file target.txt (compact mmCIF, C-alpha atoms)
# COMPACT_ATOMS: atom_id res chain seq x y z
CA MET N 10 57.53 -33.19 37.04
CA ARG N 11 57.82 -30.52 39.70
CA LEU N 12 60.86 -30.38 41.93
CA LEU N 13 61.45 -28.51 45.15
CA GLN N 14 64.42 -26.32 45.93
CA ILE N 15 65.33 -23.80 48.60
CA ASP N 16 65.31 -20.23 47.28
CA ASP N 17 67.54 -17.38 48.44
CA SER N 18 65.12 -16.48 51.23
CA GLY N 19 65.17 -20.02 52.61
CA GLU N 20 61.65 -20.83 51.40
CA PHE N 21 60.61 -23.92 49.45
CA ASN N 22 60.17 -23.17 45.77
CA LEU N 23 58.52 -25.38 43.12
CA VAL N 24 60.27 -25.68 39.75
CA GLU N 25 58.68 -27.51 36.82
CA HIS N 26 60.65 -29.72 34.41
CA VAL N 27 59.19 -31.31 31.29
CA GLY N 28 59.98 -34.85 30.16
CA ARG N 29 63.44 -36.11 31.05
CA ASP N 30 64.91 -32.64 31.16
CA ALA N 31 65.33 -32.73 34.94
CA PRO N 32 68.48 -32.00 36.97
CA PRO N 33 69.85 -34.53 39.47
CA TYR N 34 67.41 -34.82 42.36
CA ALA N 35 66.60 -36.70 45.56
CA ILE N 36 63.19 -38.20 46.29
CA LEU N 37 61.36 -38.92 49.55
CA SER N 38 59.63 -42.17 50.48
CA HIS N 39 57.44 -42.00 53.58
CA THR N 40 54.09 -42.95 55.05
CA TRP N 41 51.41 -40.29 55.12
CA GLY N 42 49.87 -39.08 58.33
CA ALA N 43 46.39 -37.58 58.38
CA ASP N 44 45.73 -35.58 55.22
CA LYS N 45 45.41 -32.40 57.25
CA ASP N 46 48.95 -32.92 58.61
CA GLU N 47 50.69 -33.11 55.22
CA VAL N 48 51.96 -30.11 53.28
CA THR N 49 50.08 -29.88 49.97
CA PHE N 50 50.73 -28.27 46.61
CA LYS N 51 48.19 -25.59 47.54
CA ASP N 52 50.02 -24.89 50.81
CA LEU N 53 53.30 -24.25 49.02
CA THR N 54 51.78 -22.03 46.36
CA GLN N 55 50.13 -19.97 49.10
CA GLY N 56 53.16 -19.91 51.39
CA ALA N 57 51.32 -21.91 54.05
CA GLY N 58 51.79 -25.24 55.83
CA LYS N 59 54.79 -24.42 58.01
CA ASN N 60 52.87 -25.34 61.16
CA LYS N 61 51.92 -28.80 59.83
CA PRO N 62 53.77 -31.91 61.13
CA GLY N 63 54.58 -32.90 57.52
CA TYR N 64 56.68 -29.76 57.08
CA ARG N 65 59.45 -31.42 59.10
CA LYS N 66 59.74 -34.14 56.43
CA LEU N 67 60.27 -31.50 53.75
CA SER N 68 62.99 -29.88 55.86
CA PHE N 69 64.62 -33.27 56.47
CA CYS N 70 64.62 -34.08 52.73
CA ALA N 71 66.04 -30.66 51.85
CA GLU N 72 68.86 -30.96 54.40
CA GLN N 73 69.75 -34.50 53.39
CA ALA N 74 69.71 -33.62 49.67
CA ALA N 75 72.02 -30.66 50.34
CA SER N 76 74.43 -32.92 52.26
CA ASP N 77 74.49 -35.22 49.21
CA GLY N 78 75.21 -32.29 46.90
CA LEU N 79 71.72 -32.23 45.38
CA GLN N 80 69.91 -28.93 44.88
CA PHE N 81 66.52 -30.38 43.95
CA PHE N 82 64.23 -32.92 45.61
CA TRP N 83 60.72 -34.36 45.18
CA VAL N 84 58.02 -35.09 47.77
CA ASP N 85 54.69 -36.57 46.68
CA THR N 86 52.50 -34.65 49.14
CA CYS N 87 53.23 -31.26 47.58
CA CYS N 88 54.86 -31.75 44.16
CA ILE N 89 51.61 -33.02 42.59
CA ASP N 90 48.52 -30.86 42.18
CA LYS N 91 45.99 -33.51 43.17
CA SER N 92 43.07 -31.22 42.39
CA SER N 93 43.86 -31.87 38.71
CA SER N 94 42.72 -35.38 37.71
CA ALA N 95 44.82 -35.22 34.53
CA GLU N 96 47.96 -34.33 36.47
CA LEU N 97 47.29 -37.00 39.10
CA GLN N 98 46.83 -39.62 36.37
CA GLU N 99 50.09 -38.65 34.67
CA ALA N 100 51.92 -38.64 38.00
CA ILE N 101 50.78 -42.10 39.06
CA ASN N 102 51.65 -43.57 35.67
CA SER N 103 55.07 -41.88 35.79
CA MET N 104 55.96 -42.29 39.44
CA PHE N 105 57.94 -45.53 39.13
CA GLN N 106 60.23 -43.87 36.60
CA TRP N 107 60.56 -40.77 38.76
CA TYR N 108 61.79 -42.93 41.62
CA ARG N 109 64.05 -44.92 39.29
CA ARG N 110 65.73 -41.79 37.91
CA ALA N 111 66.34 -40.24 41.33
CA ASP N 112 69.95 -40.00 42.42
CA LYS N 113 68.94 -40.74 46.01
CA CYS N 114 65.79 -42.02 47.65
CA TYR N 115 65.37 -41.25 51.35
CA ALA N 116 63.02 -43.61 53.20
CA HIS N 117 61.84 -41.75 56.29
CA LEU N 118 60.48 -44.19 58.89
CA SER N 119 58.22 -42.26 61.25
CA ASP N 120 57.87 -45.16 63.70
CA VAL N 121 61.56 -46.09 64.10
CA SER N 122 63.70 -44.24 66.62
CA ILE N 123 67.25 -44.80 67.94
CA GLY N 124 67.35 -41.91 70.35
CA ASP N 125 69.65 -43.34 73.04
CA GLU N 126 72.48 -45.85 73.24
CA SER N 127 70.32 -48.66 74.65
CA SER N 128 67.79 -48.44 71.82
CA ARG N 129 70.52 -48.43 69.19
CA GLN N 130 70.91 -52.17 69.78
CA THR N 131 67.24 -52.94 69.22
CA TRP N 132 66.14 -50.65 66.39
CA LYS N 133 66.20 -53.48 63.83
CA SER N 134 63.15 -55.09 65.43
CA ALA N 135 61.31 -51.77 65.08
CA PHE N 136 62.63 -51.53 61.52
CA ARG N 137 61.12 -54.89 60.58
CA CYS N 138 57.77 -53.88 62.09
CA SER N 139 57.69 -50.43 60.52
CA ARG N 140 54.43 -49.30 58.96
CA TRP N 141 56.49 -48.34 55.91
CA PHE N 142 56.60 -52.03 54.91
CA THR N 143 52.81 -52.34 55.02
CA ARG N 144 51.86 -49.57 52.62
CA GLY N 145 51.08 -50.15 48.94
CA TRP N 146 52.99 -47.26 47.37
CA THR N 147 56.24 -47.91 49.23
CA LEU N 148 56.75 -51.19 47.33
CA GLN N 149 57.69 -49.40 44.10
CA GLU N 150 59.58 -46.81 46.16
CA LEU N 151 61.73 -49.65 47.50
CA LEU N 152 62.31 -51.42 44.18
CA ALA N 153 62.55 -48.62 41.61
CA PRO N 154 65.51 -46.51 42.87
CA LYS N 155 69.10 -47.68 42.65
CA SER N 156 69.80 -46.11 46.03
CA VAL N 157 67.35 -46.26 48.95
CA VAL N 158 68.69 -44.96 52.25
CA PHE N 159 66.70 -45.50 55.45
CA PHE N 160 66.43 -42.90 58.21
CA SER N 161 64.73 -42.94 61.60
CA VAL N 162 62.11 -40.40 62.62
CA ASP N 163 64.97 -38.40 64.16
CA GLY N 164 66.90 -38.33 60.88
CA GLU N 165 69.44 -40.92 62.06
CA LEU N 166 70.97 -43.05 59.30
CA LEU N 167 69.91 -46.71 59.58
CA GLY N 168 71.46 -48.15 56.42
CA ASP N 169 70.49 -48.68 52.79
CA LYS N 170 68.59 -51.38 50.94
CA LEU N 171 71.79 -53.29 50.25
CA SER N 172 73.18 -53.28 53.79
CA LEU N 173 69.70 -54.11 55.13
CA ALA N 174 68.77 -56.51 52.33
CA GLN N 175 68.41 -59.56 54.58
CA GLU N 176 66.17 -57.72 57.05
CA ILE N 177 64.03 -56.40 54.19
CA HIS N 178 63.80 -59.88 52.66
CA ASP N 179 62.75 -61.39 56.00
CA THR N 180 60.06 -58.71 56.38
CA THR N 181 58.69 -58.54 52.83
CA GLY N 182 59.59 -61.83 51.13
CA ILE N 183 61.21 -59.89 48.28
CA SER N 184 64.29 -61.69 47.02
CA VAL N 185 67.67 -60.21 47.87
CA GLN N 186 68.53 -60.29 44.15
CA ALA N 187 65.57 -58.01 43.36
CA LEU N 188 66.74 -55.60 46.05
CA GLU N 189 70.20 -55.67 44.48
CA GLY N 190 68.79 -54.62 41.11
CA ARG N 191 67.87 -57.79 39.24
CA PRO N 192 65.30 -56.78 36.56
CA LEU N 193 61.74 -57.21 37.81
CA SER N 194 60.75 -58.76 34.47
CA GLN N 195 62.70 -61.85 35.53
CA TYR N 196 60.18 -62.54 38.28
CA SER N 197 56.82 -64.14 37.60
CA VAL N 198 53.60 -62.15 37.78
CA ASP N 199 52.47 -64.16 40.79
CA GLU N 200 55.71 -63.57 42.68
CA ARG N 201 55.55 -59.83 42.11
CA LEU N 202 51.90 -59.77 43.17
CA SER N 203 52.83 -61.68 46.33
CA TRP N 204 55.14 -58.83 47.36
CA ALA N 205 52.06 -56.59 47.59
CA ARG N 206 49.70 -59.12 49.17
CA ASN N 207 49.80 -57.76 52.74
CA ARG N 208 50.10 -54.09 51.84
CA GLU N 209 47.33 -51.55 52.21
CA THR N 210 46.36 -48.32 50.48
CA LYS N 211 44.04 -45.55 51.62
CA ARG N 212 41.95 -45.78 48.44
CA GLU N 213 41.05 -49.33 47.45
CA GLU N 214 41.82 -48.89 43.74
CA ASP N 215 45.35 -47.79 44.60
CA ALA N 216 46.14 -51.38 45.61
CA ALA N 217 46.19 -52.07 41.85
CA TYR N 218 47.37 -48.66 40.60
CA SER N 219 50.44 -48.76 42.86
CA LEU N 220 51.67 -51.82 40.92
CA LEU N 221 51.75 -50.25 37.44
CA GLY N 222 55.48 -49.59 37.53
CA ILE N 223 56.22 -53.02 39.04
CA PHE N 224 54.86 -54.52 35.80
CA ASP N 225 56.05 -51.72 33.49
CA ILE N 226 52.55 -50.91 32.27
CA HIS N 227 50.31 -47.85 32.03
CA MET N 228 46.54 -47.63 32.27
CA PRO N 229 43.85 -45.03 32.99
CA LEU N 230 42.83 -44.47 36.60
CA LEU N 231 39.12 -44.96 37.32
CA TYR N 232 38.56 -44.07 40.94
CA GLY N 233 35.23 -45.46 41.97
CA GLU N 234 35.59 -48.73 40.03
CA GLY N 235 36.58 -50.62 43.20
CA ARG N 236 39.50 -52.89 44.01
CA GLU N 237 38.25 -55.98 42.16
CA LYS N 238 37.63 -54.25 38.83
CA ALA N 239 40.92 -52.38 39.11
CA PHE N 240 42.78 -55.68 39.52
CA ILE N 241 40.87 -57.25 36.61
CA ARG N 242 42.03 -54.39 34.36
CA LEU N 243 45.54 -54.67 35.80
CA ARG N 244 45.79 -58.38 34.99
CA LYS N 245 44.47 -57.85 31.46
CA LYS N 246 47.05 -55.14 30.91
CA ILE N 247 49.81 -57.36 32.32
CA HIS N 248 48.79 -60.22 30.03
CA SER N 249 48.74 -57.91 27.03
CA SER N 250 52.15 -56.52 27.98
CA ILE N 251 53.67 -60.01 28.20
CA GLN N 252 52.57 -60.74 24.64
CA THR N 253 53.89 -57.45 23.23
CA PRO N 254 57.53 -56.94 22.19
CA LYS N 255 59.28 -54.12 24.05
CA LEU N 256 61.83 -51.63 22.78
CA ASP N 257 65.40 -52.02 24.01
CA GLU N 258 66.13 -48.35 24.68
CA GLN N 259 69.89 -48.85 24.73
CA ARG N 260 70.15 -50.82 21.49
CA GLY N 261 67.18 -49.36 19.66
CA HIS N 262 65.50 -52.60 18.61
CA LEU N 263 62.54 -54.67 19.75
CA LEU N 264 62.96 -57.36 22.37
CA PRO N 265 60.97 -60.60 21.97
CA PRO N 266 57.91 -61.07 24.20
CA SER N 267 58.77 -62.44 27.62
CA LYS N 268 58.37 -66.19 27.98
CA SER N 269 59.39 -66.36 31.62
CA LEU N 270 56.25 -64.81 33.11
CA ALA N 271 53.26 -66.81 34.28
CA SER N 272 49.98 -64.95 34.64
CA SER N 273 48.79 -67.44 37.27
CA THR N 274 49.70 -70.67 39.02
CA VAL N 275 47.26 -73.61 38.98
CA PRO N 276 46.78 -74.60 42.65
CA PHE N 277 46.60 -78.37 42.09
CA ARG N 278 48.67 -80.99 43.91
CA ARG N 279 51.34 -82.85 41.97
CA ASP N 280 49.92 -85.89 40.13
CA ASP N 281 52.17 -88.87 40.92
CA ASP N 282 50.76 -90.73 37.90
CA PHE N 283 51.56 -87.91 35.46
CA ILE N 284 53.62 -88.96 32.42
CA SER N 285 55.44 -86.13 30.65
CA ARG N 286 56.29 -86.02 26.95
CA ASP N 287 59.83 -87.21 27.57
CA SER N 288 58.49 -90.21 29.52
CA LEU N 289 56.29 -91.57 26.73
CA ASN N 290 58.54 -94.60 26.47
CA LYS N 291 56.57 -95.91 29.47
CA VAL N 292 53.44 -95.82 27.34
CA HIS N 293 55.22 -97.72 24.57
CA GLN N 294 56.27 -100.37 27.12
CA ILE N 295 52.66 -100.80 28.26
CA LEU N 296 51.35 -101.11 24.70
CA ALA N 297 54.04 -103.60 23.75
CA LYS N 298 52.28 -106.25 25.82
CA PRO N 299 49.56 -108.32 24.11
CA ALA N 300 46.00 -106.95 24.47
CA SER N 301 47.16 -104.07 26.63
CA ARG N 302 45.60 -100.62 26.88
CA ALA N 303 46.77 -97.18 28.03
CA ALA N 304 44.71 -94.07 28.55
CA LEU N 305 46.16 -90.56 28.11
CA VAL N 306 44.12 -88.17 30.24
CA GLY N 307 44.37 -84.37 30.28
CA LEU N 308 42.61 -81.12 29.59
CA GLY N 309 41.71 -80.48 25.97
CA GLY N 310 44.13 -78.29 24.07
CA VAL N 311 47.12 -78.66 26.39
CA GLY N 312 49.12 -80.90 24.05

call {"tool": "encode", "arguments": {"input": "target.txt", "output": "structure tokens"}}
result
Amino acid sequence: MRLLQIDDSGEFNLVEHVGRDAPPYAILSHTWGADKDEVTFKDLTQGAGKNKPGYRKLSFCAEQAASDGLQFFWVDTCCIDKSSSAELQEAINSMFQWYRRADKCYAHLSDVSIGDESSRQTWKSAFRCSRWFTRGWTLQELLAPKSVVFFSVDGELLGDKLSLAQEIHDTTGISVQALEGRPLSQYSVDERLSWARNRETKREEDAAYSLLGIFDIHMPLLYGEGREKAFIRLRKKIHSSIQTPKLDEQRGHLLPPSKSLASSTVPFRRDDDFISRDSLNKVHQILAKPASRAALVGLGGVG
């Protein structure tokens, strides 16, 4: 991954680190403006982009990282060379881990302001309505890092994902326990998908690709396949992942396949006449009567 730092002349400098050999760093979470307004990898390599509105976000991230004692920081607009399809593919498949390993994640909310004393009392309503909560990529940026700190457009501290957990839960439906760090694998597939239901992405396939880290899977990116086909591949990969043992990195042995995840929920009403296995004594009571009959009805192969 590439990280940004400020060089001796006060300019932004890109430094590449391979694998996990990266120093402590901060990472920015934000919503993109128009593409022409964001500072790109090409801009930085050519010493351009200072007049773009997105340059202020880089300066904010650099200043906040420095105040937290961090020399390096990462911003998606300019730390990825998006002209390289191979690099973009690697970045999207790695991004959840990049956010998870960050020492600090700064969520910059461009539509929340607490400029004067009167508005300081009402910023939480703007916080709940922020565009940041409607974007596809910010879901993993909320859940992956241990520390997510929210800032207004003016750089004012709003709180972190623990102090604002109830507001975030009310806005997104994500459980407070997940915000506090409960492993995502303990939530069903359907529940995790529901967290992304009302979120949007600029490219339709990204609605599926932005969920790779949420389900701890990797898959090739096929821009042009469309949203539906991307989600079909995503679900197949999720199902395959559920059936496959995973390596416990701390203990060095395989974990058993997860049994707590459901790939889908059958949307049928509860059957009041249903008799479960542990209620079969009712069947025996029926058959104990002379000339009585009982029918067991169900889908073939379900037991």

call {"tool": "residues_near_point", "arguments": {"input": "target.txt", "point": "(67.1, -46.9, 45.7)", "cutoff": "9 Å", "atoms": "all atoms listed in the file", "output": "PDB file with C-alpha atoms, in the frame of the given file"}}
result
ATOM      1  CA  TYR N 108      61.790 -42.930  41.620  1.00  0.00           C
ATOM      2  CA  ARG N 109      64.050 -44.920  39.290  1.00  0.00           C
ATOM      3  CA  ALA N 111      66.340 -40.240  41.330  1.00  0.00           C
ATOM      4  CA  ASP N 112      69.950 -40.000  42.420  1.00  0.00           C
ATOM      5  CA  LYS N 113      68.940 -40.740  46.010  1.00  0.00           C
ATOM      6  CA  CYS N 114      65.790 -42.020  47.650  1.00  0.00           C
ATOM      7  CA  TYR N 115      65.370 -41.250  51.350  1.00  0.00           C
ATOM      8  CA  GLU N 150      59.580 -46.810  46.160  1.00  0.00           C
ATOM      9  CA  LEU N 151      61.730 -49.650  47.500  1.00  0.00           C
ATOM     10  CA  LEU N 152      62.310 -51.420  44.180  1.00  0.00           C
ATOM     11  CA  ALA N 153      62.550 -48.620  41.610  1.00  0.00           C
ATOM     12  CA  PRO N 154      65.510 -46.510  42.870  1.00  0.00           C
ATOM     13  CA  LYS N 155      69.100 -47.680  42.650  1.00  0.00           C
ATOM     14  CA  SER N 156      69.800 -46.110  46.030  1.00  0.00           C
ATOM     15  CA  VAL N 157      67.350 -46.260  48.950  1.00  0.00           C
ATOM     16  CA  VAL N 158      68.690 -44.960  52.250  1.00  0.00           C
ATOM     17  CA  ASP N 169      70.490 -48.680  52.790  1.00  0.00           C
ATOM     18  CA  LYS N 170      68.590 -51.380  50.940  1.00  0.00           C
ATOM     19  CA  LEU N 188      66.740 -55.600  46.050  1.00  0.00           C
TER      20      LEU N 188
END

call {"tool": "atom_distance", "arguments": {"input": "target.txt", "atom1": "CA of Leu193 (chain N)", "atom2": "CA of Ala205 (chain N)"}}
result
13.8 Å

call {"tool": "residues_around", "arguments": {"input": "target.txt", "residues": "region 133-148 of chain N", "least_positions_apart": "3", "cutoff": "7 Å", "atoms": "all atoms listed in the file", "output": "MDAnalysis selection string"}}
result
chainID N and resid 38:40 118 120:121 151:152 176 180 205 207:210 216 219

call {"tool": "write_last_selection", "arguments": {"input": "target.txt", "atoms": "C-alpha atoms", "output": "short mmCIF file (atom, residue, chain, number, x, y, z; two decimals), keeping the file's coordinate frame"}}
result
data_model
loop_
_atom_site.label_atom_id
_atom_site.label_comp_id
_atom_site.auth_asym_id
_atom_site.auth_seq_id
_atom_site.Cartn_x
_atom_site.Cartn_y
_atom_site.Cartn_z
CA SER N 38 59.63 -42.17 50.48
CA HIS N 39 57.44 -42.00 53.58
CA THR N 40 54.09 -42.95 55.05
CA LEU N 118 60.48 -44.19 58.89
CA ASP N 120 57.87 -45.16 63.70
CA VAL N 121 61.56 -46.09 64.10
CA LEU N 151 61.73 -49.65 47.50
CA LEU N 152 62.31 -51.42 44.18
CA GLU N 176 66.17 -57.72 57.05
CA THR N 180 60.06 -58.71 56.38
CA ALA N 205 52.06 -56.59 47.59
CA ASN N 207 49.80 -57.76 52.74
CA ARG N 208 50.10 -54.09 51.84
CA GLU N 209 47.33 -51.55 52.21
CA THR N 210 46.36 -48.32 50.48
CA ALA N 216 46.14 -51.38 45.61
CA SER N 219 50.44 -48.76 42.86
#

call {"tool": "atom_distance", "arguments": {"input": "target.txt", "atom1": "CA of Gln175 (chain N)", "atom2": "CA of Phe159 (chain N)"}}
result
14.2 Å

call {"tool": "closest_residue", "arguments": {"input": "target.txt", "among": "N:Leu230, N:Arg244, N:Ala35, N:Thr49", "to": "Glu72 (chain N)", "atoms": "all atoms listed in the file"}}
result
N:Ala35

call {"tool": "atom_distance", "arguments": {"input": "target.txt", "atom1": "CA of Asp44 (chain N)", "atom2": "CA of Trp132 (chain N)"}}
result
27.7 Å

call {"tool": "closest_residue", "arguments": {"input": "target.txt", "among": "N:Val306, N:Ala239, N:Ala71, N:Ala297", "to": "Asp16 (chain N)", "atoms": "all atoms listed in the file"}}
result
N:Ala71

call {"tool": "closest_residue", "arguments": {"input": "target.txt", "among": "N:Gly56, N:Pro192, N:Pro229, N:Glu237", "to": "Glu96 (chain N)", "atoms": "all atoms listed in the file"}}
result
N:Pro229

call {"tool": "closest_residue", "arguments": {"input": "target.txt", "among": "N:Leu296, N:Leu53, N:Ile177, N:Leu166", "to": "Ile123 (chain N)", "atoms": "all atoms listed in the file"}}
result
N:Leu166
